[in-house]
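Down below is the structure, laid out as structure tokens.
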Amino acid sequence: MSDDLIRIPPQTALLGSDRHYPEEAPTRPIEVDGFWMMTTTVTNAHFAEFVAATGYLTVAERPLDPAAYPDAPAQNLQPGSMVFTRTQGPVDLRHLNLWWTWTPGASWRHPVGPLSSVDKRADHPVVHVAHEDAEAYAAWAGMSLPTEAEWETAARGGLEDAEYTWGDEPESPDQPMANYWHGEFPWRPEKGYGRTAAVRSYPPNGYGLFDMAGNVWEWTTDWYGESRDDQPCCASDSYDQRQPQFQVPRKVVKGGSFLCADVYCLRYRPAARRPQPIDTGMSHIGFRCVKR
């Protein structure tokens with residue numbers, strides 16, 4: 001269990017953005033109480049300690065109930081998760097299914113499929129964790145998941161309304177700042193990119209927190225609304241109205257991941273936010289905890 005925590009001071013933080021994706025708006029000041037946050041995301045080593053102590057089984061490791069998915073093929077009812085798979089060449093970026101593959105046997109122990117392991121990734125972020133998995137770890141550790149406002153305040157590192165966790169200027173070629181997609185997405189990353197990196201591989205932000213940009217998206221406690229002014233009061237209000245057949249609550253994830261390419265997903269910024277179904281872990285989603 002990580003007890004490496006950094007104090008985030010109480011403040012009035014200017015959160016959101018009016019300059020980017022519509023779900024980030026409007027920019028507004030938010031009062032945020034002081035709290036402590038983990039310096040890094042929860043790693044595979046941290047999560048293994050939790051599992052060894054509790055015998056916990058993640059959502060991705062549990063068989064699906066056939067009754068809940070009456071039309072699903074039998075092979076899709078096996079334990080598994082969504083894994084990023086590079087394409088063979090350029091593709092239409094409107095179709096996420098071209099690089100995401102439902103992979104039986106994928107889980108936090110087997111991050112890219114059943115034949116993979118975390119033996120050489122102990123210091124990488126744990127992935128394939130659903131929201132309840134992250135909450136279970138946090139409870140065991142005596143901590144909590146952050147709210148969206150807490151997470152974004154911490155990510156900004158004391159910089160008001162900056163574009164990135166490190167300031168307003170994009171990363172320069174000679175000074176890598178975050179693990180986001182470098183290269184041609186989603187098929188040809190530059191060497192060293194296109195996958196998770198060990199925590200602390202890039203410089204920390206102004207508060208001393210690592211990987212608040214890129215590497216893996218991180219769970220928060222907030223239900224997802226389509227704008228900052230649309231704050232759902234309950235799980236059902238967070239359903240995706242464009243896909244009414246999927247009545248699965250969605251939480252806000254923050255920070256972007258190793259898959260954020262500037263041409264497709266410029267979301268490794270503090271203001272960026274995306275919805276994530278609470279029952280779905282993926283190979284680019286992890287979390288970190290706070291203590292209030």
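Labels for the structure tokens follow display order: chains A, B, ..., residues from 1 in each chain, ligands from 1.
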Show me a table, sorted first by chain and then by increasing residue number, of the residues of segment 30-106 of chain A having an atom at most 12 Å from segment 255-263 of chain A, each with its shortest atom pair and the distance in Å to one decimal, counting only C-alpha atoms and written as a Markdown table.
| residue | atom | partner | partner_atom | distance |
| --- | --- | --- | --- | --- |
| A:Thr41 | CA | A:Gly255 | CA | 11.2 |
| A:Val83 | CA | A:Leu259 | CA | 11.7 |
| A:Phe84 | CA | A:Leu259 | CA | 8.7 |
| A:Thr85 | CA | A:Leu259 | CA | 10.8 |
| A:Arg86 | CA | A:Leu259 | CA | 10.4 |
| A:Leu93 | CA | A:Val263 | CA | 9.3 |
| A:Arg94 | CA | A:Val263 | CA | 11.8 |
| A:Leu96 | CA | A:Leu259 | CA | 11.6 |
| A:Trp99 | CA | A:Leu259 | CA | 10.5 |
| A:Trp100 | CA | A:Leu259 | CA | 11.2 |
Prev. selection, N, CA and C atoms, output as a PDB file, in the first residue's frame:
ATOM      1  N   THR A  41      -0.152   7.148  -9.553  1.00  0.00           N
ATOM      2  CA  THR A  41      -1.295   6.247  -9.649  1.00  0.00           C
ATOM      3  C   THR A  41      -0.980   4.965  -8.879  1.00  0.00           C
ATOM      4  N   VAL A  83      -8.901  -4.229 -24.717  1.00  0.00           N
ATOM      5  CA  VAL A  83      -7.460  -4.026 -24.887  1.00  0.00           C
ATOM      6  C   VAL A  83      -7.197  -3.216 -26.150  1.00  0.00           C
ATOM      7  N   PHE A  84      -6.332  -2.228 -26.044  1.00  0.00           N
ATOM      8  CA  PHE A  84      -5.919  -1.471 -27.224  1.00  0.00           C
ATOM      9  C   PHE A  84      -5.062  -2.351 -28.121  1.00  0.00           C
ATOM     10  N   THR A  85      -5.374  -2.342 -29.419  1.00  0.00           N
ATOM     11  CA  THR A  85      -4.630  -3.113 -30.408  1.00  0.00           C
ATOM     12  C   THR A  85      -4.259  -2.189 -31.557  1.00  0.00           C
ATOM     13  N   ARG A  86      -3.003  -2.053 -31.830  1.00  0.00           N
ATOM     14  CA  ARG A  86      -2.581  -1.198 -32.936  1.00  0.00           C
ATOM     15  C   ARG A  86      -3.176  -1.692 -34.250  1.00  0.00           C
ATOM     16  N   LEU A  93     -10.613   7.658 -37.894  1.00  0.00           N
ATOM     17  CA  LEU A  93     -10.545   7.870 -36.451  1.00  0.00           C
ATOM     18  C   LEU A  93     -11.916   8.040 -35.799  1.00  0.00           C
ATOM     19  N   ARG A  94     -12.971   8.008 -36.590  1.00  0.00           N
ATOM     20  CA  ARG A  94     -14.318   8.081 -36.012  1.00  0.00           C
ATOM     21  C   ARG A  94     -14.777   6.746 -35.443  1.00  0.00           C
ATOM     22  N   LEU A  96     -13.846   3.861 -33.053  1.00  0.00           N
ATOM     23  CA  LEU A  96     -12.981   3.355 -31.992  1.00  0.00           C
ATOM     24  C   LEU A  96     -12.832   1.845 -32.022  1.00  0.00           C
ATOM     25  N   TRP A  99      -9.559  -0.087 -33.066  1.00  0.00           N
ATOM     26  CA  TRP A  99      -8.347  -0.311 -32.257  1.00  0.00           C
ATOM     27  C   TRP A  99      -8.646  -0.802 -30.837  1.00  0.00           C
ATOM     28  N   TRP A 100      -9.915  -1.044 -30.523  1.00  0.00           N
ATOM     29  CA  TRP A 100     -10.249  -1.646 -29.238  1.00  0.00           C
ATOM     30  C   TRP A 100     -10.787  -3.060 -29.471  1.00  0.00           C
TER      31      TRP A 100
END
Distance in Å - atom CA of Gly214 of chain A versus atom CA of Val51 of chain A: 25.7 Å
Residue nearest Pro22 of chain A - candidates A:Asn179, A:Asp92, A:Arg273, A:Trp187, atoms counted: only C-alpha atoms: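 Residue with the minimum atom-to-atom distance to Pro22 of chain A: A:Arg273.
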All alpha helix (DSSP H) positions in segment 40-91 of chain A, as a PyMOL selection string: chain A and resi 44-54
Would you put the residues from that selection into a file with N, CA, C and O atoms, as a compact mmCIF listing (two decimals), in the first residue's frame?
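Output saved as result_15.txt:
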# COMPACT_ATOMS: atom_id res chain seq x y z
N ASN A 44 0.77 -1.74 -10.23
CA ASN A 44 0.51 -3.18 -10.16
C ASN A 44 1.02 -3.76 -8.85
O ASN A 44 0.38 -4.65 -8.27
N ALA A 45 2.14 -3.26 -8.37
CA ALA A 45 2.67 -3.75 -7.09
C ALA A 45 1.73 -3.40 -5.94
O ALA A 45 1.46 -4.22 -5.06
N HIS A 46 1.22 -2.16 -5.93
CA HIS A 46 0.26 -1.76 -4.90
C HIS A 46 -0.98 -2.65 -4.95
O HIS A 46 -1.45 -3.15 -3.92
N PHE A 47 -1.50 -2.85 -6.15
CA PHE A 47 -2.76 -3.59 -6.29
C PHE A 47 -2.56 -5.07 -5.93
O PHE A 47 -3.43 -5.71 -5.34
N ALA A 48 -1.39 -5.61 -6.26
CA ALA A 48 -1.10 -7.00 -5.91
C ALA A 48 -1.08 -7.19 -4.40
O ALA A 48 -1.53 -8.22 -3.87
N GLU A 49 -0.58 -6.19 -3.68
CA GLU A 49 -0.57 -6.25 -2.22
C GLU A 49 -1.99 -6.28 -1.68
O GLU A 49 -2.32 -7.05 -0.76
N PHE A 50 -2.86 -5.46 -2.25
CA PHE A 50 -4.28 -5.43 -1.87
C PHE A 50 -4.95 -6.78 -2.14
O PHE A 50 -5.65 -7.33 -1.28
N VAL A 51 -4.72 -7.34 -3.32
CA VAL A 51 -5.34 -8.61 -3.68
C VAL A 51 -4.83 -9.74 -2.78
O VAL A 51 -5.59 -10.61 -2.33
N ALA A 52 -3.53 -9.73 -2.47
CA ALA A 52 -2.96 -10.75 -1.60
C ALA A 52 -3.56 -10.69 -0.20
O ALA A 52 -3.79 -11.71 0.45
N ALA A 53 -3.87 -9.47 0.25
CA ALA A 53 -4.40 -9.29 1.60
C ALA A 53 -5.89 -9.61 1.70
O ALA A 53 -6.37 -10.00 2.76
N THR A 54 -6.61 -9.45 0.60
CA THR A 54 -8.08 -9.55 0.66
C THR A 54 -8.68 -10.65 -0.20
O THR A 54 -9.84 -11.02 0.00
May I have the residues within 7 Å of segment 57-67 of chain A as a short mmCIF file (atom, residue, chain, number, x, y, z; two decimals) with all heavy atoms, in the first residue's frame, using only C-alpha atoms and disregarding those fewer than 3 positions away in the same chain?
data_model
loop_
_atom_site.label_atom_id
_atom_site.label_comp_id
_atom_site.auth_asym_id
_atom_site.auth_seq_id
_atom_site.Cartn_x
_atom_site.Cartn_y
_atom_site.Cartn_z
N PRO A 70 -28.80 -11.40 -22.60
CA PRO A 70 -29.47 -12.52 -23.28
C PRO A 70 -29.08 -12.70 -24.74
O PRO A 70 -29.18 -13.81 -25.27
CB PRO A 70 -30.96 -12.16 -23.15
CG PRO A 70 -30.98 -10.68 -22.90
CD PRO A 70 -29.75 -10.38 -22.14
N LEU A 77 -19.19 -13.87 -22.92
CA LEU A 77 -19.57 -13.96 -21.51
C LEU A 77 -18.42 -14.44 -20.63
O LEU A 77 -18.57 -14.60 -19.43
CB LEU A 77 -20.79 -14.89 -21.35
CG LEU A 77 -22.06 -14.41 -22.05
CD1 LEU A 77 -23.17 -15.45 -21.91
CD2 LEU A 77 -22.52 -13.07 -21.47
N GLN A 78 -17.27 -14.69 -21.25
CA GLN A 78 -16.09 -15.06 -20.48
C GLN A 78 -15.51 -13.83 -19.79
O GLN A 78 -15.69 -12.70 -20.26
CB GLN A 78 -15.03 -15.65 -21.40
CG GLN A 78 -15.46 -16.85 -22.21
CD GLN A 78 -14.37 -17.26 -23.19
OE1 GLN A 78 -13.26 -17.58 -22.78
NE2 GLN A 78 -14.68 -17.20 -24.47
N PRO A 79 -14.82 -14.04 -18.68
CA PRO A 79 -14.12 -12.90 -18.06
C PRO A 79 -13.15 -12.29 -19.07
O PRO A 79 -12.49 -13.01 -19.83
CB PRO A 79 -13.38 -13.53 -16.88
CG PRO A 79 -14.11 -14.80 -16.60
CD PRO A 79 -14.61 -15.29 -17.92
N GLY A 80 -13.05 -10.97 -19.07
CA GLY A 80 -12.14 -10.30 -19.99
C GLY A 80 -12.27 -8.81 -19.89
O GLY A 80 -12.96 -8.28 -19.02
N SER A 81 -11.62 -8.11 -20.81
CA SER A 81 -11.63 -6.66 -20.79
C SER A 81 -11.27 -6.14 -22.16
O SER A 81 -10.91 -6.90 -23.07
CB SER A 81 -10.65 -6.15 -19.72
OG SER A 81 -10.81 -4.77 -19.50
N SER A 107 -6.98 -8.80 -17.92
CA SER A 107 -7.31 -8.31 -16.58
C SER A 107 -6.10 -7.55 -16.07
O SER A 107 -5.09 -7.42 -16.77
CB SER A 107 -7.64 -9.46 -15.63
OG SER A 107 -6.46 -10.22 -15.33
N HIS A 128 -7.31 -2.07 -16.28
CA HIS A 128 -8.44 -3.00 -16.30
C HIS A 128 -9.17 -3.03 -14.95
O HIS A 128 -9.63 -4.08 -14.51
CB HIS A 128 -8.01 -4.41 -16.70
CG HIS A 128 -7.43 -4.51 -18.07
ND1 HIS A 128 -8.16 -4.21 -19.20
CD2 HIS A 128 -6.19 -4.85 -18.50
CE1 HIS A 128 -7.39 -4.37 -20.28
NE2 HIS A 128 -6.19 -4.74 -19.88
N VAL A 129 -9.26 -1.87 -14.31
CA VAL A 129 -9.99 -1.77 -13.05
C VAL A 129 -11.28 -1.00 -13.28
O VAL A 129 -11.25 0.14 -13.79
CB VAL A 129 -9.15 -1.09 -11.94
CG1 VAL A 129 -8.15 -2.06 -11.36
CG2 VAL A 129 -8.42 0.15 -12.46
N ALA A 130 -12.41 -1.61 -12.96
CA ALA A 130 -13.69 -0.93 -13.00
C ALA A 130 -13.79 0.02 -11.80
O ALA A 130 -12.95 -0.03 -10.88
CB ALA A 130 -14.83 -1.94 -12.99
N ASP A 133 -13.75 -1.62 -8.43
CA ASP A 133 -12.43 -2.15 -8.08
C ASP A 133 -11.57 -1.05 -7.45
O ASP A 133 -10.88 -1.27 -6.45
CB ASP A 133 -11.71 -2.69 -9.32
CG ASP A 133 -12.49 -3.76 -10.04
OD1 ASP A 133 -13.22 -4.53 -9.39
OD2 ASP A 133 -12.35 -3.85 -11.29
#
Straight-line distance linking atom CA of Glu23 of chain A with atom CA of Tyr224 of chain A, stated in Å to one decimal: 9.6 Å
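One distance worth recording is that between atom CA of Gln11 of chain A and atom CA of Thr40 of chain A, which is 21.8 Å.
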All residues 10 Å or closer to Ala154 of chain A, only C-alpha atoms, same chain fewer than 3 positions away omitted, as a ChimeraX atom specification: /A:6-9,13,35-37,146,148-151,157-159,165,205-209,212,270
Residues of segment 27-265 of chain A in strand (DSSP E), written as a PyMOL selection string: chain A and resi 28-32+35-38+80-84+100-104+183-184+188-189+217-223+250-254
